[in-house]
>>> print(open('model-v2.txt').read())   # compact mmCIF, C-alpha atoms and all ligand atoms
# COMPACT_ATOMS: atom_id res chain seq x y z
CA MET A 1 98.30 103.32 90.69
CA SER A 2 99.88 104.14 94.04
CA LYS A 3 101.30 107.63 94.53
CA ASN A 4 104.76 106.14 94.86
CA ILE A 5 104.76 104.48 91.44
CA PHE A 6 103.22 107.58 89.90
CA GLN A 7 105.98 109.72 91.40
CA LYS A 8 108.64 107.33 90.13
CA ILE A 9 107.30 107.55 86.58
CA ILE A 10 107.07 111.34 86.72
CA TYR A 11 110.61 111.62 88.11
CA ARG A 12 111.94 109.37 85.35
CA ILE A 13 110.28 111.46 82.63
CA TYR A 14 110.76 114.81 84.28
CA PRO A 15 113.90 114.83 86.42
CA LEU A 16 113.28 117.81 88.65
CA LYS A 17 116.80 117.82 90.02
CA ARG A 18 118.18 118.29 86.52
CA LEU A 19 115.62 120.99 85.79
CA GLY A 20 116.75 122.85 88.94
CA PHE A 21 120.39 122.46 87.91
CA PHE A 22 119.89 123.76 84.38
CA SER A 23 117.60 126.61 85.53
CA GLN A 24 120.21 128.01 87.90
CA ARG A 25 122.75 127.84 85.06
CA LEU A 26 120.65 130.39 83.18
CA LEU A 27 121.23 132.81 86.05
CA THR A 28 124.79 133.97 85.57
CA ASN A 29 124.46 137.54 86.85
CA PRO A 30 125.92 137.41 90.40
CA LEU A 31 123.32 139.90 91.64
CA HIS A 32 120.42 137.82 90.32
CA ARG A 33 121.96 134.67 91.78
CA ASP A 34 122.15 136.39 95.13
CA VAL A 35 118.47 137.38 95.11
CA ILE A 36 117.27 133.91 94.07
CA SER A 37 119.56 132.08 96.48
CA LYS A 38 118.21 134.18 99.36
CA LEU A 39 114.72 132.93 98.44
CA ALA A 40 115.98 129.33 98.11
CA CYS A 41 117.62 129.52 101.54
CA LYS A 42 114.28 130.31 103.18
CA ARG A 43 113.11 126.72 102.70
CA LEU A 44 116.38 125.01 103.65
CA PRO A 45 117.50 123.88 107.13
CA LYS A 46 119.18 126.64 109.09
CA SER A 47 122.76 126.29 110.22
CA ASP A 48 123.20 125.46 113.88
CA LEU A 49 126.83 126.60 113.83
CA SER A 50 127.90 130.15 114.53
CA VAL A 51 130.87 131.56 112.65
CA GLY A 52 132.49 132.14 116.05
CA PRO A 53 136.20 132.96 115.89
CA TYR A 54 136.25 132.65 112.08
CA GLU A 55 134.35 135.81 111.25
CA LYS A 56 137.40 137.34 109.60
CA ASP A 57 137.92 134.23 107.44
CA ALA A 58 134.26 134.21 106.40
CA LYS A 59 134.56 137.88 105.43
CA LEU A 60 137.72 137.19 103.40
CA LEU A 61 135.98 134.34 101.58
CA GLN A 62 133.02 136.57 100.81
CA THR A 63 135.11 139.53 99.64
CA ASN A 64 138.01 137.88 97.85
CA GLY A 65 136.36 134.61 96.86
CA TYR A 66 138.93 132.54 98.73
CA VAL A 67 140.49 132.16 102.16
CA MET A 68 143.58 130.23 103.22
CA LEU A 69 143.10 127.73 106.08
CA ASP A 70 146.42 127.48 107.88
CA ASP A 71 147.18 124.24 109.74
CA LEU A 72 143.86 122.67 108.80
CA VAL A 73 145.20 119.12 108.68
CA PRO A 74 148.10 117.61 110.63
CA HIS A 75 151.11 116.33 108.72
CA ASN A 76 150.67 112.71 109.87
CA GLU A 77 147.12 112.68 108.48
CA ILE A 78 148.41 113.83 105.09
CA GLU A 79 150.94 110.99 105.13
CA GLN A 80 148.22 108.48 106.04
CA MET A 81 146.02 109.71 103.20
CA VAL A 82 148.90 109.55 100.70
CA ASP A 83 149.67 105.99 101.89
CA TRP A 84 146.02 105.00 101.55
CA PHE A 85 145.70 106.33 98.01
CA SER A 86 149.06 104.83 97.00
CA THR A 87 147.39 101.39 96.95
CA LYS A 88 144.25 102.43 95.04
CA LEU A 89 143.43 102.58 91.34
CA THR A 90 142.11 105.60 89.46
CA ASN A 91 140.11 106.35 86.35
CA ASP A 92 140.04 109.18 83.83
CA ARG A 93 136.66 110.83 84.19
CA TYR A 94 137.04 112.35 80.72
CA ASN A 95 137.81 108.97 79.17
CA GLU A 96 136.09 106.27 81.19
CA SER A 97 136.72 103.67 78.49
CA GLU A 98 140.30 103.38 79.81
CA GLY A 99 138.87 101.69 82.91
CA PHE A 100 140.78 101.68 86.22
CA PHE A 101 144.58 102.01 86.24
CA ASP A 102 147.52 102.60 88.58
CA PRO A 103 147.94 106.41 88.63
CA LEU A 104 151.73 105.91 88.49
CA TYR A 105 151.23 104.47 85.00
CA PRO A 106 148.35 106.43 83.49
CA PRO A 107 147.32 106.14 79.84
CA ALA A 108 149.18 108.71 77.71
CA SER A 109 145.98 110.71 77.13
CA CYS A 110 145.16 111.07 80.84
CA HIS A 111 145.37 114.58 82.39
CA THR A 112 143.62 113.83 85.68
CA ALA A 113 143.38 110.45 87.41
CA SER A 114 140.51 110.28 89.93
CA PHE A 115 139.97 107.92 92.84
CA SER A 116 136.58 106.31 93.35
CA THR A 117 134.10 107.88 95.76
CA GLU A 118 134.08 104.62 97.73
CA ASP A 119 137.88 104.73 98.22
CA ILE A 120 137.68 108.38 99.27
CA LEU A 121 134.87 107.78 101.79
CA ARG A 122 136.71 104.83 103.30
CA SER A 123 140.03 106.70 103.45
CA PRO A 124 141.33 107.50 106.93
CA HIS A 125 140.51 111.24 107.02
CA ALA A 126 138.38 112.39 104.07
CA LEU A 127 135.14 112.64 106.02
CA LYS A 128 136.87 114.16 109.01
CA TRP A 129 138.44 116.88 106.85
CA ALA A 130 135.22 117.52 104.95
CA ASN A 131 133.41 117.93 108.27
CA ASP A 132 136.06 120.01 109.99
CA ASP A 133 134.46 122.44 112.42
CA ARG A 134 136.33 125.50 111.09
CA VAL A 135 135.46 124.59 107.50
CA LEU A 136 131.76 124.09 108.21
CA ARG A 137 131.46 127.27 110.27
CA ILE A 138 133.00 129.38 107.50
CA VAL A 139 131.14 127.59 104.71
CA GLU A 140 127.76 127.83 106.44
CA ALA A 141 128.32 131.53 107.12
CA GLU A 142 128.77 131.95 103.36
CA LEU A 143 125.94 129.63 102.29
CA GLY A 144 123.53 131.08 104.85
CA VAL A 145 122.11 127.61 105.66
CA LYS A 146 123.27 124.16 106.73
CA ALA A 147 125.78 122.83 104.18
CA THR A 148 125.10 119.91 101.88
CA LEU A 149 128.28 117.99 101.11
CA SER A 150 127.63 117.57 97.39
CA ASN A 151 130.96 116.40 96.02
CA ILE A 152 134.03 114.71 97.41
CA SER A 153 136.98 114.03 95.10
CA THR A 154 140.66 113.16 95.10
CA TRP A 155 142.75 113.13 91.98
CA TRP A 156 146.23 113.26 90.52
CA SER A 157 146.96 115.99 87.97
CA ILE A 158 149.47 114.52 85.56
CA PRO A 159 152.19 116.39 83.63
CA GLY A 160 153.22 115.78 80.03
CA HIS A 161 150.50 117.57 78.05
CA ASP A 162 150.71 120.66 75.86
CA THR A 163 147.08 121.64 75.63
CA PRO A 164 144.66 122.04 78.53
CA GLN A 165 141.77 119.65 79.03
CA ALA A 166 138.44 120.68 80.63
CA ALA A 167 139.06 122.35 84.03
CA GLU A 168 142.69 123.11 83.06
CA SER A 169 141.38 126.26 81.31
CA PHE A 170 139.78 129.18 83.17
CA HIS A 171 136.07 128.72 83.80
CA ARG A 172 133.32 129.30 86.32
CA ASP A 173 131.60 126.40 88.06
CA VAL A 174 127.85 126.96 87.88
CA ASP A 175 126.84 123.97 89.98
CA ASP A 176 124.21 125.44 92.30
CA LEU A 177 122.93 128.86 93.40
CA ARG A 178 125.58 128.99 96.13
CA PHE A 179 128.50 126.66 96.73
CA ILE A 180 132.05 126.61 98.07
CA LYS A 181 134.92 124.19 97.53
CA LEU A 182 137.58 123.05 99.98
CA PHE A 183 141.01 122.28 98.48
CA VAL A 184 143.72 120.37 100.37
CA TYR A 185 147.04 119.61 98.67
CA LEU A 186 148.40 116.14 99.44
CA THR A 187 151.69 116.84 97.66
CA ASP A 188 153.96 119.88 97.63
CA VAL A 189 152.79 122.18 94.86
CA ASP A 190 155.16 124.61 93.15
CA ASP A 191 155.15 126.31 89.72
CA GLU A 192 155.96 122.98 88.08
CA SER A 193 153.15 120.96 89.69
CA GLY A 194 150.11 122.77 88.29
CA PRO A 195 149.16 125.14 91.10
CA HIS A 196 145.47 126.01 91.27
CA ALA A 197 144.77 129.48 89.82
CA PHE A 198 141.98 131.91 90.79
CA ILE A 199 141.00 135.49 89.96
CA PRO A 200 140.32 137.09 93.35
CA LYS A 201 136.91 138.82 93.57
CA SER A 202 135.79 137.38 90.21
CA GLN A 203 132.86 135.65 91.91
CA LYS A 204 131.23 139.10 91.76
CA HIS A 205 132.61 140.18 88.37
CA MET A 206 129.88 140.93 85.85
CA GLY A 207 131.87 139.75 82.84
CA TYR A 208 132.83 136.31 81.56
CA ARG A 209 129.36 134.97 82.23
CA THR A 210 128.99 132.72 79.21
CA ILE A 211 129.49 129.20 80.48
CA ARG A 212 132.61 128.14 78.59
CA ARG A 213 136.38 127.77 78.96
CA TYR A 214 138.45 130.97 78.67
CA SER A 215 142.00 131.08 77.32
CA ASP A 216 144.86 132.45 79.42
CA GLU A 217 145.14 135.33 76.91
CA GLU A 218 141.51 136.37 77.42
CA ILE A 219 141.95 136.30 81.19
CA LYS A 220 145.34 138.04 81.21
CA ASN A 221 144.05 140.77 78.87
CA GLU A 222 141.32 141.57 81.39
CA PHE A 223 142.99 140.97 84.75
CA GLY A 224 146.72 141.20 83.94
CA ASP A 225 149.39 138.78 85.13
CA THR A 226 149.17 140.15 88.64
CA GLY A 227 145.39 139.67 88.79
CA ILE A 228 145.80 135.90 88.94
CA LYS A 229 146.48 134.18 92.25
CA TYR A 230 148.45 130.92 91.97
CA PHE A 231 148.15 128.65 94.98
CA THR A 232 151.59 127.16 95.52
CA GLY A 233 152.41 125.57 98.86
CA THR A 234 153.67 122.55 100.72
CA LYS A 235 151.52 119.47 101.28
CA GLY A 236 148.71 120.33 103.68
CA THR A 237 148.10 123.72 102.06
CA ALA A 238 144.35 124.21 102.34
CA PHE A 239 141.89 126.87 101.21
CA LEU A 240 138.22 127.50 100.63
CA GLU A 241 137.15 129.03 97.34
CA ASN A 242 133.98 130.23 95.69
CA THR A 243 134.55 128.58 92.33
CA PHE A 244 131.76 130.56 90.69
CA GLY A 245 134.77 132.87 90.42
CA LEU A 246 137.11 132.32 87.47
CA HIS A 247 139.62 129.56 88.17
CA LYS A 248 141.47 126.63 86.70
CA GLY A 249 143.68 123.72 87.66
CA GLN A 250 146.73 124.21 85.49
CA ILE A 251 148.46 121.50 83.52
CA PRO A 252 151.46 120.50 85.66
CA LYS A 253 154.68 121.37 83.80
CA LYS A 254 156.81 118.60 85.31
CA LYS A 255 155.52 117.25 88.62
CA ARG A 256 152.34 115.46 89.62
CA ARG A 257 149.88 117.02 92.06
CA LEU A 258 147.56 115.10 94.41
CA LEU A 259 144.50 117.07 95.51
CA PHE A 260 141.67 116.40 97.94
CA GLN A 261 138.50 118.39 97.36
CA ALA A 262 135.09 118.71 99.02
CA GLN A 263 132.19 120.79 97.74
CA TYR A 264 129.39 122.31 99.82
CA SER A 265 126.20 123.66 98.32
CA LEU A 266 122.57 124.50 99.03
CA HIS A 267 121.24 121.51 97.09
CA PRO A 268 122.60 118.26 95.67
CA ILE A 269 124.33 118.94 92.35
CA GLY A 270 121.60 118.13 89.83
CA LEU A 271 123.90 116.36 87.39
CA SER A 272 125.32 113.96 89.99
CA ASP A 273 123.84 110.63 90.96
CA TYR A 274 124.49 109.85 94.60
CA SER A 275 124.44 106.44 96.22
CA PRO A 276 125.08 106.89 99.95
CA THR A 277 127.46 104.33 101.44
CA ARG A 278 126.84 102.41 104.64
CA LEU A 279 129.83 103.09 106.91
CA SER A 280 130.58 101.69 110.32
CA ASP A 281 129.01 103.65 113.19
CA GLY A 282 132.45 104.73 114.42
CA THR A 283 133.15 106.58 111.16
CA LYS A 284 129.79 108.36 111.25
CA GLU A 285 130.12 109.49 114.83
CA GLY A 286 129.84 113.24 115.26
CA LEU A 287 129.03 113.87 111.59
CA ASP A 288 125.94 115.88 110.78
CA GLN A 289 123.43 113.56 109.13
CA TYR A 290 121.88 116.22 106.91
CA THR A 291 125.21 117.60 105.68
CA ASN A 292 126.49 114.11 104.83
CA ARG A 293 123.21 112.55 103.61
CA LEU A 294 124.29 112.24 99.96
CA TYR A 295 127.33 110.17 100.88
CA ILE A 296 126.61 108.31 104.12
CA LYS A 297 123.68 106.11 105.13
O1 LIG B 301 142.44 121.26 89.66
C1 LIG B 301 142.19 122.36 90.16
O2 LIG B 301 142.99 123.02 90.80
C2 LIG B 301 140.81 122.98 89.96
C3 LIG B 301 139.81 122.08 89.43
C4 LIG B 301 138.53 122.82 89.15
O3 LIG B 301 138.43 123.55 88.22
C5 LIG B 301 137.42 122.67 90.06
O4 LIG B 301 137.50 121.92 91.02
O5 LIG B 301 136.39 123.35 89.84
>>> encode(input="model-v2.txt", output="structure tokens", more="lines below")
Ligand SMILES: O=C(O)CCC(=O)C(=O)O
Amino acid sequence: MSKNIFQKIIYRIYPLKRLGFFSQRLLTNPLHRDVISKLACKRLPKSDLSVGPYEKDAKLLQTNGYVMLDDLVPHNEIEQMVDWFSTKLTNDRYNESEGFFDPLYPPASCHTASFSTEDILRSPHALKWANDDRVLRIVEAELGVKATLSNISTWWSIPGHDTPQAAESFHRDVDDLRFIKLFVYLTDVDDESGPHAFIPKSQKHMGYRTIRRYSDEEIKNEFGDTGIKYFTGTKGTAFLENTFGLHKGQIPKKKRRLLFQAQYSLHPIGLSDYSPTRLSDGTKEGLDQYTNRLYIK
């Protein structure tokens, strides 16, 4: 039996990537995660970007768990992205049996309507935003190695629900030993459109380490009303966040919210299956091959 076939059989029976994913989920003490991720970083490609003029932003991200990125994307690019997605269908990742639907007319049960990875990759600016020089410099300063783009998503959050679903309650993401998410609002987001919520500095907090959803009461009892940061802002509002910290995407009270998100980590996310897309050379130009390897051929 050739080594290749043998490897394939072993990988089918014993999916190492999932083992890695579930092992890191056992490590919920931020200090332990830090020690182990330092070891993991030793065998990963080094960043070839310096933090340069963004040292202060990198420090803010490290200390507070988030940093605002003013003027990250020009207004006309937001409009072009909104136009692009206005012609595309979505699905409900928590209820795939609904199939694909126009996000203007979602099924009554749908809280979040997600665009396909293919539509996101082929959109006019997703890859450009995800590979923005400022973003990668800050992210790589935090990761300590070259970033792996491990998730790229765009979804509508839809109002009209009384009880939160999944990520609409406070939780920690425990996706890899180190990771950071980029958020870009494609619609204006006020109190009625489900602003993203985060507990500053909670990425280092020793409590709330059981992997589960936490109620608003539990979080408010610990951190108070003023301990929660709500990210309201006009379209184009952008920030980086360490979502190992406690966070949620709230149920919009009245208005819909369109969000673009990219995730950067040390490794591929072990639960995800990636099938890199072949894009035209023009689109790939200037993009780091390693960083984008899970999405682009
Ligand atoms: O919808 C949001 O604002 C946050 C979603 C979330 O919890 C996440 O991306 O980890």
>>> closest_residue(input="model-v2.txt", among="A:Gly99, A:Gly286, A:Gly245, A:Pro15", to="Tyr66 of chain A", atoms="only C-alpha atoms")
A:Gly245
>>> closest_residue(input="model-v2.txt", among="A:Ser150, A:Gln250, A:Asn76, A:Ser215", to="Ala197 of chain A", atoms="all atoms listed in the file")
A:Gln250
>>> closest_residue(input="model-v2.txt", among="A:Lys204, A:Glu222, A:Tyr185, A:Gln289", to="ligand LIG 301 (chain B)", atoms="all atoms listed in the file")
A:Tyr185
>>> closest_atom_pairs(input="model-v2.txt", of="chain A", to="ligand LIG 301 (chain B)", cutoff="6 Å", atoms="all atoms listed in the file", output="tab-separated table")
residue	atom	partner	partner_atom	distance
A:Ala167	CA	B:LIG301	O3	4.4
A:Asp173	CA	B:LIG301	O5	6.0
A:His196	CA	B:LIG301	O2	3.9
A:Lys248	CA	B:LIG301	O3	4.6
A:Gly249	CA	B:LIG301	C1	3.2
>>> closest_residue(input="model-v2.txt", among="A:Phe22, A:Phe170, A:Tyr54, A:Phe239", to="Ile219 of chain A", atoms="all atoms listed in the file")
A:Phe170
>>> residues_around(input="model-v2.txt", residues="segment 136-142 of chain A", least_positions_apart="5", cutoff="8 Å", atoms="only C-alpha atoms", output="ChimeraX atom specification")
/A:47,49-52,54-55,57-58,61-62,131,147,180,264
>>> residues_around(input="model-v2.txt", residues="Gly227 of chain A", least_positions_apart="3", cutoff="12 Å", atoms="only C-alpha atoms", output="MDAnalysis selection string")
chainID A and resid 64 197:202 216 219:224 230 246:247
>>> closest_residue(input="model-v2.txt", among="A:Thr277, A:Thr291, A:Asn29, A:Thr90", to="Ile211 of chain A", atoms="all atoms listed in the file")
A:Asn29
>>> atom_distance(input="model-v2.txt", atom1="atom CA of His205 of chain A", atom2="atom CA of Pro30 of chain A")
7.5 Å
>>> closest_residue(input="model-v2.txt", among="A:Ile5, A:Asp225, A:Phe101, A:Leu271", to="Ser116 of chain A", atoms="only C-alpha atoms")
A:Phe101
>>> atom_distance(input="model-v2.txt", atom1="atom CA of Asn91 of chain A", atom2="atom CA of Pro159 of chain A")
15.9 Å
>>> residues_around(input="model-v2.txt", residues="Asp176 of chain A", least_positions_apart="2", cutoff="8 Å", atoms="all atoms listed in the file", output="list in words")
Phe21, Gln24, Arg25, Val174, Arg178, Phe179, Ser265, Leu266, His267 and Ile269 of chain A
>>> write_last_selection(input="model-v2.txt", atoms="C-alpha atoms", output="PDB file, keeping the file's coordinate frame")
ATOM      1  CA  PHE A  21     120.390 122.460  87.910  1.00  0.00           C
ATOM      2  CA  GLN A  24     120.210 128.010  87.900  1.00  0.00           C
ATOM      3  CA  ARG A  25     122.750 127.840  85.060  1.00  0.00           C
ATOM      4  CA  VAL A 174     127.850 126.960  87.880  1.00  0.00           C
ATOM      5  CA  ARG A 178     125.580 128.990  96.130  1.00  0.00           C
ATOM      6  CA  PHE A 179     128.500 126.660  96.730  1.00  0.00           C
ATOM      7  CA  SER A 265     126.200 123.660  98.320  1.00  0.00           C
ATOM      8  CA  LEU A 266     122.570 124.500  99.030  1.00  0.00           C
ATOM      9  CA  HIS A 267     121.240 121.510  97.090  1.00  0.00           C
ATOM     10  CA  ILE A 269     124.330 118.940  92.350  1.00  0.00           C
TER      11      ILE A 269
END
>>> decode(input="model-v2.txt", residues="segment 75-172 of chain A", atoms="C-alpha atoms", output="tab-separated table (two decimals), in the first residue's frame")
chain	number	residue	atom	x	y	z
A	75	HIS	CA	-17.55	54.54	1.28
A	76	ASN	CA	-17.80	53.63	-2.42
A	77	GLU	CA	-16.43	50.14	-1.69
A	78	ILE	CA	-19.12	49.62	0.95
A	79	GLU	CA	-21.76	50.62	-1.60
A	80	GLN	CA	-20.30	48.22	-4.17
A	81	MET	CA	-20.33	45.37	-1.65
A	82	VAL	CA	-23.93	46.11	-0.63
A	83	ASP	CA	-24.92	46.18	-4.33
A	84	TRP	CA	-23.13	42.88	-4.94
A	85	PHE	CA	-24.81	41.11	-2.04
A	86	SER	CA	-28.21	42.59	-2.92
A	87	THR	CA	-28.40	40.15	-5.85
A	88	LYS	CA	-27.27	37.05	-3.94
A	89	LEU	CA	-29.15	34.41	-1.97
A	90	THR	CA	-28.46	33.37	1.62
A	91	ASN	CA	-28.97	30.37	3.84
A	92	ASP	CA	-29.59	29.85	7.54
A	93	ARG	CA	-26.55	28.03	8.88
A	94	TYR	CA	-28.58	26.90	11.90
A	95	ASN	CA	-31.33	25.49	9.71
A	96	GLU	CA	-29.83	24.41	6.40
A	97	SER	CA	-32.99	22.51	5.45
A	98	GLU	CA	-34.54	25.88	4.46
A	99	GLY	CA	-32.14	25.95	1.50
A	100	PHE	CA	-31.18	29.25	-0.18
A	101	PHE	CA	-33.52	32.25	0.02
A	102	ASP	CA	-33.65	35.98	-0.68
A	103	PRO	CA	-32.51	37.61	2.60
A	104	LEU	CA	-35.24	40.24	2.14
A	105	TYR	CA	-37.78	37.44	2.62
A	106	PRO	CA	-36.21	35.06	5.14
A	107	PRO	CA	-38.08	32.14	6.70
A	108	ALA	CA	-39.79	33.23	9.94
A	109	SER	CA	-37.38	31.15	12.03
A	110	CYS	CA	-34.23	32.71	10.54
A	111	HIS	CA	-32.06	34.90	12.83
A	112	THR	CA	-29.00	35.16	10.60
A	113	ALA	CA	-28.90	34.82	6.81
A	114	SER	CA	-25.41	33.98	5.49
A	115	PHE	CA	-23.97	34.41	2.02
A	116	SER	CA	-22.01	31.57	0.44
A	117	THR	CA	-18.22	31.56	0.67
A	118	GLU	CA	-18.06	31.55	-3.12
A	119	ASP	CA	-20.16	34.75	-3.36
A	120	ILE	CA	-18.02	36.40	-0.69
A	121	LEU	CA	-14.72	35.47	-2.39
A	122	ARG	CA	-15.97	36.72	-5.75
A	123	SER	CA	-17.36	39.96	-4.26
A	124	PRO	CA	-15.58	43.15	-5.30
A	125	HIS	CA	-13.64	43.82	-2.07
A	126	ALA	CA	-13.81	40.95	0.43
A	127	LEU	CA	-10.31	39.66	-0.25
A	128	LYS	CA	-8.88	43.15	-0.43
A	129	TRP	CA	-10.37	44.05	2.96
A	130	ALA	CA	-9.32	40.75	4.53
A	131	ASN	CA	-5.77	41.37	3.29
A	132	ASP	CA	-5.59	45.04	4.20
A	133	ASP	CA	-2.04	45.98	5.15
A	134	ARG	CA	-3.05	47.69	8.42
A	135	VAL	CA	-5.22	44.72	9.42
A	136	LEU	CA	-2.51	42.14	8.72
A	137	ARG	CA	0.21	44.12	10.49
A	138	ILE	CA	-1.89	44.46	13.65
A	139	VAL	CA	-3.19	40.88	13.50
A	140	GLU	CA	0.25	39.37	12.93
A	141	ALA	CA	1.68	41.40	15.81
A	142	GLU	CA	-0.98	39.80	18.01
A	143	LEU	CA	-0.69	36.27	16.58
A	144	GLY	CA	3.11	36.35	16.64
A	145	VAL	CA	3.32	34.56	13.25
A	146	LYS	CA	2.04	34.88	9.70
A	147	ALA	CA	-1.77	34.93	9.74
A	148	THR	CA	-3.93	32.15	8.34
A	149	LEU	CA	-7.21	33.50	6.97
A	150	SER	CA	-9.43	30.79	8.46
A	151	ASN	CA	-12.92	32.16	8.03
A	152	ILE	CA	-14.60	34.71	5.82
A	153	SER	CA	-18.31	35.43	6.29
A	154	THR	CA	-21.01	37.94	5.45
A	155	TRP	CA	-24.47	37.78	6.92
A	156	TRP	CA	-27.66	39.65	7.67
A	157	SER	CA	-28.85	39.69	11.28
A	158	ILE	CA	-32.63	39.77	11.13
A	159	PRO	CA	-35.01	41.38	13.65
A	160	GLY	CA	-38.31	39.96	14.86
A	161	HIS	CA	-37.22	37.39	17.46
A	162	ASP	CA	-37.71	37.35	21.22
A	163	THR	CA	-35.15	34.79	22.27
A	164	PRO	CA	-31.49	34.71	21.24
A	165	GLN	CA	-30.14	31.99	18.98
A	166	ALA	CA	-26.54	30.70	19.17
A	167	ALA	CA	-24.07	33.62	18.93
A	168	GLU	CA	-26.80	36.09	19.99
A	169	SER	CA	-25.97	35.17	23.62
A	170	PHE	CA	-22.64	35.97	25.29
A	171	HIS	CA	-19.97	33.36	24.66
A	172	ARG	CA	-16.28	32.87	23.98
